[in-house]
Amino acid sequence: MPTTQTREISAAKRLDNVRYAIRDLACVADEVTKQGHKVLALNVGDPLNFDFQTPPHIIEAVYKAMRDGKNGYAPSPGIPEALEAIRGEAARKGITTVRDVFVTSGVSETVDLCISALVNPGEDILTPCPDYPLYSAVLCKLGIALNAYDLNEEDAWQPELPDIARKLTPRTRGIVLINPNNPTGSLCTRQMLEQIADIARRRNLVVFADEIYDKLILPDSNGDATPHIAFAEVAPDVPCITFGGMSKNYLVPGWRIGWGIVSGDAAAVKPYTEGIHRLLRARLCANHPEQYAIKPALEGPQDHLIEVQRKLRSRRDLTQKWCEATPRVSCVAPRGAFYAFPRIDIPESDEIFVKELIRQKHVMVVHGSGFGQKPGTQHFRIVFLPDEKTLTNAYAGIADFIRERYGLA
Ligand SMILES: Cc1ncc(COP(=O)(O)O)c(C=O)c1O
């Protein structure tokens, strides 16, 4: 037997700052589960964990594709019928200057590819704070320093323009706009999109418009359900990649289907688009049979969305009422997606808050610091996908926990 010496294999140093708080809390939840308790997970934005069902006609389309032998590699940019359907979707979103479209394994891969194809060492892109943690993880992986701009809670979580102005550097290449927003549930106003477009024009930035939740729009308290406004509709001339996908709007997060829509001045975006295609070819292709669901999803019946929006509206209203009635809690009412990001007034960190909440009340939400937040503020993110009864029980547990641990404000 040869003698082997087992030494620890260290992970790359650049991963030191990669955090994914949404899933990191699972260790605490495991501890509680081992003690025999059932944990209510309000931490992962997966509708399929609750009473939402994938539209049957898109399941049939994938089943048929598999039976028809579409099980080999697909063309790297995506199958032609899916690309055509995504162009149609871009037109419905009001995007008139489409230069390219491509299919990816979830919007997660679009984010990774599009950032990797743009940013050189020493350059940066502006990301929102709070943000969806994948953006900072990809930047960490590439060794790019984070450059985050604030969303302003006092202004319904709109991007804070003076902070964007402060954070821009001569080496800033792009700006990420998550709209509808995760984790805050906010929607950008047209005026805000126009102002960001002006900055992008002046500084030659690429705008990454993450619009994965664009069909999950909720009316405000006056019943106003102004539809989502696509950034690329407002700014057809600005180099932009609109991110879209099937996970949320079509209730198939496990299929891993997303896409990018490149728009803007044709000559300006050409070299960058070619760079993206080099990466698309290097990773061969996105999931093949699942791509056959894109056309029936985008062009077929949208009935499921009526039901999804009805449920989300009722659950958002319940969440908002609870926030308004609970001491130490306040919240900007979410207008899109299925997240609320309440602020809490407590004398300890929100990370301790969420960990103790899991241990004592078996309810799992995510701490605001896991997404980034202004110093001195504390928040938590709720996924309000569960039915009303489950949410009511969860909120009773959180209210009891706040009262028992911190007293009334
Ligand atoms: C804002 C945002 N972008 C991208 C993603 C990733 O989506 P996908 O499942 O398409 O990879 C998510 C998932 O929660 C998200 O919230």
# chains A, B, ... in the order shown; residues from 1 in each chain; ligands from 1

call {"tool": "residues_around", "arguments": {"residues": "Leu146 in chain A", "least_positions_apart": "5", "cutoff": "8 Å", "atoms": "only C-alpha atoms", "output": "PyMOL selection string"}}
result
chain A and resi 124-127+136+139-140

call {"tool": "residues_near_ligand", "arguments": {"ligand": "ligand 1", "cutoff": "10 Å", "atoms": "only C-alpha atoms and all ligand atoms", "output": "JSON, numbers by chain"}}
result
{"A": [22, 44, 45, 46, 104, 105, 106, 107, 108, 109, 110, 111, 131, 132, 133, 134, 135, 177, 178, 179, 180, 181, 182, 183, 209, 210, 211, 212, 213, 243, 244, 245, 246, 247, 248, 249, 251, 252, 253, 254, 255, 256, 257, 258, 259, 337, 338, 339]}

call {"tool": "select_by_dssp", "arguments": {"residues": "range 248-318 of chain A", "states": "helix (DSSP H, G or I)", "output": "PyMOL selection string"}}
result
chain A and resi 253-255+266-282+289-299+303-318

call {"tool": "closest_residue", "arguments": {"among": "A:Leu284, A:Cys188, A:Ile398, A:Ile95", "to": "Arg359 in chain A", "atoms": "only C-alpha atoms"}}
result
A:Ile398

call {"tool": "atom_distance", "arguments": {"atom1": "CA of Lys141 in chain A", "atom2": "CA of Val18 in chain A"}}
result
7.8 Å

call {"tool": "residues_around", "arguments": {"residues": "Thr169 in chain A", "least_positions_apart": "5", "cutoff": "12 Å", "atoms": "only C-alpha atoms", "output": "PyMOL selection string"}}
result
chain A and resi 122-126+147-148+164+174-175+203-205

call {"tool": "closest_residue", "arguments": {"among": "A:Ile144, A:Ile217, A:Val363, A:Ala85", "to": "Thr172 in chain A", "atoms": "only C-alpha atoms"}}
result
A:Ile144

call {"tool": "residues_around", "arguments": {"residues": "Asp387 in chain A", "least_positions_apart": "2", "cutoff": "9 Å", "atoms": "only C-alpha atoms", "output": "list in words"}}
result
Phe50, Asp51, Lys311, Arg315, Phe384, Leu385, Lys389, Thr390, Leu391 and Thr392 of chain A

call {"tool": "residues_around", "arguments": {"residues": "Ile229 in chain A", "least_positions_apart": "4", "cutoff": "9 Å", "atoms": "only C-alpha atoms", "output": "VMD selection string"}}
result
chain A and resid 93 to 94 179 187 to 190 193 214 233 to 234

call {"tool": "write_last_selection", "arguments": {"atoms": "C-alpha atoms", "output": "PDB file, in the first residue's frame"}}
result
ATOM      1  CA  LYS A  93     -42.182  44.470 -23.522  1.00  0.00           C
ATOM      2  CA  GLY A  94     -41.773  47.415 -25.885  1.00  0.00           C
ATOM      3  CA  ASN A 179     -36.846  45.533 -11.232  1.00  0.00           C
ATOM      4  CA  LEU A 187     -40.854  48.680  -8.769  1.00  0.00           C
ATOM      5  CA  CYS A 188     -38.860  51.404 -10.518  1.00  0.00           C
ATOM      6  CA  THR A 189     -40.824  54.415 -11.737  1.00  0.00           C
ATOM      7  CA  ARG A 190     -40.548  55.506 -15.387  1.00  0.00           C
ATOM      8  CA  LEU A 193     -35.544  54.537 -15.379  1.00  0.00           C
ATOM      9  CA  ASP A 214     -41.817  41.248 -14.678  1.00  0.00           C
ATOM     10  CA  GLU A 233     -38.307  50.248 -23.615  1.00  0.00           C
ATOM     11  CA  VAL A 234     -37.510  53.560 -21.928  1.00  0.00           C
TER      12      VAL A 234
END

call {"tool": "select_by_dssp", "arguments": {"residues": "range 164-261 of chain A", "states": "strand (DSSP E or B)", "output": "PyMOL selection string"}}
result
chain A and resi 172-178+206-210+217+240-245+258-261

call {"tool": "closest_residue", "arguments": {"among": "A:Leu312, A:Ala117, A:Ile86, A:Ala29", "to": "Asp100 in chain A", "atoms": "only C-alpha atoms"}}
result
A:Ile86
